[in-house]
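> Pasting my_file.cif below, which is mmCIF, C-alpha atoms.
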data_start
#
loop_
_atom_site.label_atom_id
_atom_site.label_comp_id
_atom_site.auth_asym_id
_atom_site.auth_seq_id
_atom_site.Cartn_x
_atom_site.Cartn_y
_atom_site.Cartn_z
CA LYS A 76 90.31 11.46 152.75
CA SER A 77 88.35 12.49 149.74
CA SER A 78 86.40 10.22 147.45
CA VAL A 79 85.66 9.29 143.88
CA GLN A 80 82.11 8.89 142.66
CA VAL A 81 81.75 6.81 139.51
CA VAL A 82 79.12 7.98 137.00
CA GLN A 83 78.41 6.90 133.44
CA GLY A 84 76.56 9.00 130.87
CA PRO A 85 76.75 11.29 127.84
CA PRO A 86 78.12 14.84 128.17
CA GLY A 87 75.69 17.32 129.71
CA PRO A 88 75.60 20.82 131.24
CA ARG A 89 77.87 21.84 134.10
CA GLY A 90 76.28 21.29 137.48
CA PRO A 91 76.16 23.74 140.40
CA ALA A 92 79.17 24.24 142.64
CA GLY A 93 79.39 21.90 145.61
CA SER A 94 79.48 22.96 149.23
CA ASP A 95 82.60 22.92 151.39
CA GLY A 96 84.68 19.77 151.04
CA GLY A 97 85.34 17.33 148.22
CA VAL A 98 83.98 14.42 146.27
CA VAL A 99 85.78 13.50 143.07
CA THR A 100 83.16 12.71 140.44
CA LYS A 101 84.30 10.50 137.58
CA TYR A 102 82.42 10.65 134.31
CA TYR A 103 82.41 7.91 131.69
CA HIS A 104 81.85 9.88 128.47
CA GLN A 105 80.83 8.79 125.04
CA ALA A 106 82.99 10.17 122.22
CA GLY A 107 82.30 13.81 121.56
CA ALA A 108 84.48 15.97 123.77
CA GLY A 109 88.02 17.12 123.24
CA GLU A 110 91.13 17.51 125.36
CA GLY A 111 91.01 20.28 127.93
CA GLY A 112 87.21 20.34 128.12
CA VAL A 113 86.78 21.66 124.56
CA ALA A 114 83.38 20.46 123.31
CA MET A 115 83.21 18.78 119.89
CA PRO A 116 80.21 17.95 117.73
CA ARG A 117 79.67 14.19 117.54
CA GLU A 118 80.76 14.11 113.88
CA CYS A 119 84.17 15.35 115.05
CA GLY A 120 84.59 12.62 117.62
CA PHE A 121 87.91 10.78 117.58
CA SER A 122 89.18 7.36 118.50
CA TYR A 123 92.44 5.54 119.14
CA HIS A 124 91.97 3.13 116.25
CA GLY A 125 90.34 2.85 112.84
CA GLU A 126 89.19 5.67 110.59
CA ARG A 127 89.16 8.18 113.46
CA GLY A 128 92.43 6.97 114.98
CA PRO A 129 95.54 9.10 115.68
CA GLU A 130 96.86 8.97 112.11
CA HIS A 131 93.61 10.61 110.93
CA TRP A 132 93.09 13.21 113.68
CA GLY A 133 94.52 16.03 111.60
CA ALA A 134 91.96 15.47 108.84
CA LEU A 135 88.89 15.11 111.03
CA CYS A 136 86.10 17.70 110.72
CA GLU A 137 87.60 19.25 107.58
CA GLY A 138 90.95 19.79 109.22
CA LYS A 139 89.66 21.42 112.40
CA TYR A 140 92.34 19.57 114.36
CA GLY A 141 95.11 20.12 111.85
CA THR A 142 97.62 20.80 114.63
CA CYS A 143 97.52 17.07 115.42
CA ALA A 144 99.19 16.45 112.03
CA ALA A 145 101.04 19.69 111.30
CA GLY A 146 102.23 20.65 114.78
CA LYS A 147 105.96 20.63 115.47
CA ALA A 148 105.75 20.37 119.28
CA GLN A 149 103.46 17.39 119.75
CA SER A 150 103.15 14.90 122.61
CA PRO A 151 103.81 12.23 123.71
CA VAL A 152 107.46 11.63 122.83
CA ASP A 153 110.02 8.88 123.13
CA ILE A 154 112.65 9.93 125.66
CA VAL A 155 116.13 8.90 124.52
CA SER A 156 118.47 8.73 127.49
CA GLU A 157 121.65 9.58 125.58
CA ASP A 158 120.06 12.70 124.08
CA LEU A 159 118.95 14.31 127.33
CA ALA A 160 120.09 17.88 128.05
CA ASN A 161 121.06 19.06 131.52
CA MET A 162 118.54 21.34 133.21
CA ALA A 163 120.09 24.71 134.05
CA LYS A 164 118.24 25.31 137.32
CA PRO A 165 116.41 22.19 138.56
CA GLU A 166 113.50 22.83 140.91
CA THR A 167 112.11 20.71 143.72
CA LEU A 168 108.63 19.52 142.75
CA GLY A 169 105.59 19.00 144.93
CA TRP A 170 101.94 19.76 145.55
CA ASN A 171 100.92 22.25 148.20
CA ILE A 172 97.59 21.01 149.56
CA PRO A 173 95.75 23.17 152.11
CA VAL A 174 95.40 21.74 155.60
CA GLY A 175 92.10 19.96 156.09
CA GLN A 176 91.40 19.11 152.45
CA TYR A 177 92.11 15.43 153.05
CA GLU A 178 89.07 15.01 155.29
CA LYS A 179 86.45 17.17 153.56
CA TYR A 180 83.55 16.00 151.39
CA ILE A 181 80.93 17.68 149.22
CA ALA A 182 77.71 16.31 147.82
CA ALA A 183 78.15 15.14 144.23
CA THR A 184 75.81 16.47 141.56
CA SER A 185 74.06 14.15 139.14
CA SER A 186 74.76 16.36 136.10
CA VAL A 187 77.71 15.56 133.86
CA THR A 188 80.51 18.10 133.37
CA GLU A 189 81.57 18.70 129.79
CA GLY A 190 84.84 16.77 129.64
CA LEU A 191 87.29 14.60 127.79
CA VAL A 192 86.72 11.60 125.57
CA ARG A 193 88.84 9.67 128.04
CA HIS A 194 87.80 8.73 131.53
CA THR A 195 88.78 11.58 133.78
CA PHE A 196 88.99 12.08 137.53
CA GLU A 197 88.09 15.66 138.49
CA VAL A 198 90.13 16.74 141.52
CA ALA A 199 89.95 20.54 141.43
CA HIS A 200 88.25 20.53 144.85
CA VAL A 201 91.55 19.52 146.48
CA HIS A 202 92.97 22.99 145.68
CA ALA A 203 96.40 21.44 145.15
CA ALA A 204 98.91 24.04 143.98
CA PHE A 205 101.98 23.13 141.94
CA LYS A 206 104.64 25.79 141.40
CA TYR A 207 107.04 25.51 138.48
CA SER A 208 109.22 28.03 136.67
CA GLY A 209 107.69 30.92 138.60
CA VAL A 210 104.08 29.99 137.80
CA GLU A 211 101.65 28.58 140.36
CA TYR A 212 99.32 26.03 138.74
CA GLN A 213 96.19 24.40 140.16
CA LEU A 214 95.60 20.66 139.82
CA LYS A 215 92.34 20.11 137.92
CA ARG A 216 92.13 16.42 136.98
CA PHE A 217 94.04 13.28 136.22
CA GLN A 218 93.56 10.55 133.66
CA LEU A 219 95.00 7.09 133.01
CA HIS A 220 96.49 5.62 129.83
CA THR A 221 97.10 1.94 129.14
CA PRO A 222 99.82 1.47 128.08
CA SER A 223 101.79 4.64 128.79
CA GLU A 224 101.85 7.35 126.16
CA HIS A 225 105.46 8.41 126.80
CA SER A 226 108.21 5.88 126.30
CA VAL A 227 111.82 5.73 127.48
CA ASP A 228 114.37 4.46 124.99
CA GLY A 229 111.54 2.97 122.98
CA LYS A 230 109.95 1.11 125.92
CA LYS A 231 106.47 1.96 127.18
CA ALA A 232 105.41 1.52 130.79
CA ASP A 233 102.31 -0.52 131.64
CA MET A 234 100.29 2.57 132.55
CA GLU A 235 100.64 6.35 132.76
CA ALA A 236 98.79 8.79 134.99
CA GLN A 237 98.66 12.39 133.75
CA PHE A 238 97.95 15.12 136.30
CA VAL A 239 96.64 18.20 134.47
CA HIS A 240 97.27 21.65 135.98
CA GLU A 241 96.09 25.04 134.80
CA ALA A 242 97.04 28.66 135.48
CA VAL A 243 96.19 32.08 134.08
CA VAL A 244 99.09 34.50 133.75
CA GLY A 245 98.43 37.97 132.37
CA GLY A 246 95.13 36.77 130.93
CA VAL A 247 96.83 33.87 129.14
CA SER A 248 95.96 30.26 130.02
CA LYS A 249 98.87 27.93 130.77
CA VAL A 250 98.83 24.16 131.16
CA LEU A 251 101.31 21.90 132.93
CA ILE A 252 100.97 18.12 132.98
CA VAL A 253 102.85 15.82 135.35
CA ALA A 254 103.18 12.28 133.99
CA ALA A 255 103.76 9.37 136.38
CA LEU A 256 104.66 5.95 134.97
CA PHE A 257 103.43 2.68 136.46
CA GLU A 258 105.09 -0.71 136.06
CA VAL A 259 103.65 -4.11 136.93
CA SER A 260 105.42 -5.58 139.94
CA GLU A 261 104.89 -8.20 142.62
CA HIS A 262 105.70 -5.48 145.15
CA GLY A 263 102.06 -4.42 144.95
CA SER A 264 99.91 -1.38 144.26
CA PRO A 265 99.49 1.77 146.33
CA THR A 266 96.17 1.94 148.14
CA PHE A 267 94.69 4.66 145.94
CA MET A 268 95.39 2.65 142.78
CA ARG A 269 93.82 -0.49 144.24
CA GLU A 270 90.71 1.49 145.11
CA LEU A 271 90.44 3.04 141.65
CA ALA A 272 91.01 -0.33 139.97
CA SER A 273 88.21 -1.81 142.06
CA ALA A 274 85.80 0.96 141.11
CA VAL A 275 86.43 1.18 137.37
CA PRO A 276 84.79 -2.17 136.44
CA MET A 277 81.63 -1.10 138.30
CA LEU A 278 80.81 1.77 135.95
CA GLY A 279 77.08 1.89 135.36
CA ALA A 280 74.24 4.13 134.26
CA THR A 281 73.85 5.49 137.79
CA PRO A 282 76.33 6.19 140.61
CA ARG A 283 77.24 2.88 142.23
CA SER A 284 80.32 3.35 144.34
CA ILE A 285 82.19 5.84 146.46
CA VAL A 286 85.93 5.15 146.57
CA PRO A 287 88.17 6.98 149.05
CA VAL A 288 91.28 8.60 147.64
CA ASP A 289 93.94 9.56 150.16
CA PHE A 290 95.62 12.57 148.55
CA ALA A 291 98.37 12.53 151.14
CA GLU A 292 99.36 9.03 150.04
CA LEU A 293 98.83 9.80 146.35
CA SER A 294 101.04 12.90 146.37
CA GLN A 295 103.75 11.21 148.41
CA LEU A 296 103.96 8.11 146.22
CA VAL A 297 103.83 10.01 142.94
CA MET A 298 106.50 12.48 144.00
CA ILE A 299 108.80 9.77 145.34
CA GLY A 300 108.20 6.74 143.11
CA SER A 301 109.13 3.12 143.75
CA LEU A 302 112.67 1.80 143.69
CA ALA A 303 113.43 1.21 140.01
CA HIS A 304 114.36 -2.45 140.51
CA GLU A 305 114.63 -5.05 143.22
CA GLY A 306 117.88 -4.67 145.05
CA ALA A 307 118.27 -0.97 144.23
CA ASN A 308 120.37 0.96 146.71
CA PRO A 309 118.14 3.22 148.83
CA ASP A 310 121.13 5.44 149.59
CA SER A 311 121.54 6.37 145.92
CA PHE A 312 117.83 6.55 145.11
CA VAL A 313 116.76 10.03 143.95
CA PRO A 314 113.02 10.66 144.53
CA ASN A 315 110.82 11.99 141.75
CA PHE A 316 110.52 15.45 143.26
CA LYS A 317 114.19 15.88 142.32
CA ASN A 318 114.38 13.32 139.50
CA TYR A 319 112.32 14.25 136.46
CA LEU A 320 112.33 15.25 132.79
CA ALA A 321 110.83 18.38 131.24
CA TYR A 322 109.95 19.48 127.74
CA SER A 323 107.45 21.63 125.84
CA GLY A 324 104.69 19.71 124.08
CA SER A 325 100.96 19.47 123.52
CA PHE A 326 97.77 17.81 124.63
CA THR A 327 97.89 14.17 123.54
CA ALA A 328 94.37 14.19 122.04
CA PRO A 329 92.46 16.57 119.73
CA PRO A 330 92.73 19.48 119.38
CA CYS A 331 96.42 18.69 120.19
CA THR A 332 97.00 22.27 121.35
CA GLU A 333 100.68 23.08 121.82
CA GLY A 334 102.40 25.14 124.50
CA VAL A 335 101.90 22.54 127.24
CA GLN A 336 104.67 22.19 129.82
CA TRP A 337 105.34 18.50 130.42
CA ILE A 338 107.07 16.97 133.43
CA VAL A 339 107.74 13.23 133.26
CA LEU A 340 108.71 11.66 136.59
CA ARG A 341 111.57 9.19 136.18
CA ASN A 342 110.96 6.66 138.95
CA PRO A 343 108.04 4.37 138.08
CA ILE A 344 105.42 3.34 140.62
CA HIS A 345 104.82 -0.33 141.27
CA VAL A 346 101.33 -1.69 140.56
CA TYR A 347 99.72 -5.14 140.57
CA LYS A 348 99.12 -6.70 137.17
CA GLY A 349 95.47 -7.28 138.04
CA ASP A 350 94.93 -3.59 138.80
CA VAL A 351 96.34 -2.53 135.43
CA GLU A 352 94.24 -5.17 133.68
CA ALA A 353 91.06 -3.98 135.42
CA ILE A 354 91.69 -0.40 134.30
CA ALA A 355 92.78 -1.40 130.80
CA LYS A 356 89.61 -3.45 130.34
CA VAL A 357 87.55 -0.27 130.66
CA GLU A 358 89.97 2.28 129.23
CA GLY A 359 91.07 0.17 126.28
CA ALA A 360 94.27 0.98 124.39
CA ASN A 361 94.13 4.77 124.74
CA ALA A 362 97.73 5.79 124.08
CA ARG A 363 98.62 8.11 121.21
CA PRO A 364 101.79 7.00 119.37
CA THR A 365 104.93 8.97 120.19
CA GLN A 366 105.56 12.06 118.08
CA PRO A 367 108.81 13.48 116.58
CA LEU A 368 110.75 15.90 118.76
CA ASP A 369 111.41 18.11 115.71
CA GLY A 370 114.45 19.72 117.30
CA ARG A 371 113.07 20.00 120.83
CA LYS A 372 115.23 19.00 123.76
CA VAL A 373 114.13 16.97 126.76
CA GLU A 374 115.88 18.25 129.89
CA ALA A 375 116.84 16.14 132.89
CA SER A 376 116.96 17.49 136.45
CA VAL A 377 119.75 15.07 137.47
#
Go ahead and render the structure in this file as structure tokens.

Amino acid sequence: KSSVQVVQGPPGPRGPAGSDGGVVTKYYHQAGAGEGGVAMPRECGFSYHGERGPEHWGALCEGKYGTCAAGKAQSPVDIVSEDLANMAKPETLGWNIPVGQYEKYIAATSSVTEGLVRHTFEVAHVHAAFKYSGVEYQLKRFQLHTPSEHSVDGKKADMEAQFVHEAVVGGVSKVLIVAALFEVSEHGSPTFMRELASAVPMLGATPRSIVPVDFAELSQLVMIGSLAHEGANPDSFVPNFKNYLAYSGSFTAPPCTEGVQWIVLRNPIHVYKGDVEAIAKVEGANARPTQPLDGRKVEASV
């Protein structure tokens, strides 16, 4: 297993590299950093409501984030089932995690990595590779949104986890984000989500808790998903690694950079209501409204 260390504080300089192993350090940032680790002056900070809310992002900082308003390939989107296009060559999805990474640990540093305005779990130490469309990406972090940012036929899920991957191809940076949807259910939460939900309310000025995260369980549950409804036929159930949607979009927060490959897994994951509430209490309503497709097509693997 690896672990998550919970830390609260303002953005600061990047700390030294850790030794062999892995501790996931979570940072609770004040406003002032943009999507993808792009630093922003405090006067360019954004919010999810009010004068710095999503409808004003494009005008913030004298239009510095104009793509948020003028972009034609923005995320998230509403996925309309009857408008889905068939994927020409569906791929089988999955993370390739090196043997031994589940049991390694490193000492966490007390410095804060320059990061996102949202709460973010840094997981680069896992060295999880994700290959898609001929490009091998590396998993860097994941973040949670309450409610979900993407919607299906106008309906949002209770929560969305976004797994951010990066790659460099020919000197050009590429980003792929895998979105997993969570729905409240009496069937219960996976262990890793229960552990994260328990840790989030304990955020403080100094590290207070170490929470184990079993990446074997996490990857398996995310790439399979829960049965869509009680009584579903296991024989006809198609796991997420073969059952997903894909489209070209953007980061969902300033600077709203486009050219992001999105994969939205179709089978939701069950989660206890109390776990979602615990996370939502800290995260707040941090979902950007859905954006127009502007002629883009969302492709379905099945």
> For stretch 361-376 of chain A, please output as JSON, numbers by chain all residues within 8 Å (counting all atoms listed in the file; exclusion window: fewer than 3 positions along the same chain).
{"A": [123, 129, 147, 148, 149, 150, 151, 152, 153, 154, 158, 159, 160, 161, 162, 164, 165, 166, 193, 220, 221, 222, 223, 224, 225, 226, 317, 318, 319, 320, 321, 322, 323, 327, 328, 358]}
> Rounded to one decimal in Å, what is the spacing between atom CA of A:Val346 and atom CA of A:Phe121?
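Interatomic distance here is 29.4 Å.
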> At what distance in Å, to one decimal, does atom CA of A:Asp228 lie from atom CA of A:Ser156?
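Value for the atom CA of A:Ser156-atom CA of A:Asp228 distance: 6.4 Å.
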> Give as a PyMOL selection string every residue, naming chains and numbers as the document does, that has an atom within 10 Å of (94.1, -3.0, 129.0), counting only C-alpha atoms.
chain A and resi 220-222+233-234+350-361
> Quick check on the file I pasted: which residues fall under the PyMOL selection byres ((chain A and resi 133) around 10)? Write them as a ChimeraX atom specification.
/A:127-132,134-146,329-331
> Enter the distance from atom CA of A:Ala232 to atom CA of A:Ser294, in Å, rounded to one decimal.
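Distance between the two atoms: 19.8 Å.
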> Of the residues A:Met268, A:Val297, A:Gly334, A:Asp310, which is the one nearest to A:Val247, using all atoms listed in the file?
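The shortest atom-to-atom distance to A:Val247 comes from A:Gly334.
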> For the file shown, report as a ChimeraX atom specification the outcome of the PyMOL selection byres ((chain A and resi 253) around 12) at residue level.
/A:168-170,205-207,212-219,225,235-241,250-252,254-256,294,297-298,315-316,319-322,335-341
> What residues have an atom no more than 9 Å from (94.6, 5.4, 143.5) in the file's own frame, counting all atoms listed in the file, and can you write them as a ChimeraX atom specification?
/A:264-272,287-290,292-293
> Where's the centre, and what are the edge lengths in Å to one decimal, of a box along x, y and z enclosing all listed atoms of stretch 195-200 of chain A padded 6 Å per side, as AutoDock Vina command-line options?

--center_x 89.1 --center_y 16.1 --center_z 139.3 --size_x 14.0 --size_y 21.0 --size_z 23.1
> Could you check which of A:Glu197, A:Glu261, A:Glu157, A:Glu333 is closest to A:Gly349, using only C-alpha atoms?
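Looking only at the distances to A:Gly349, the closest residue turns out to be A:Glu261.
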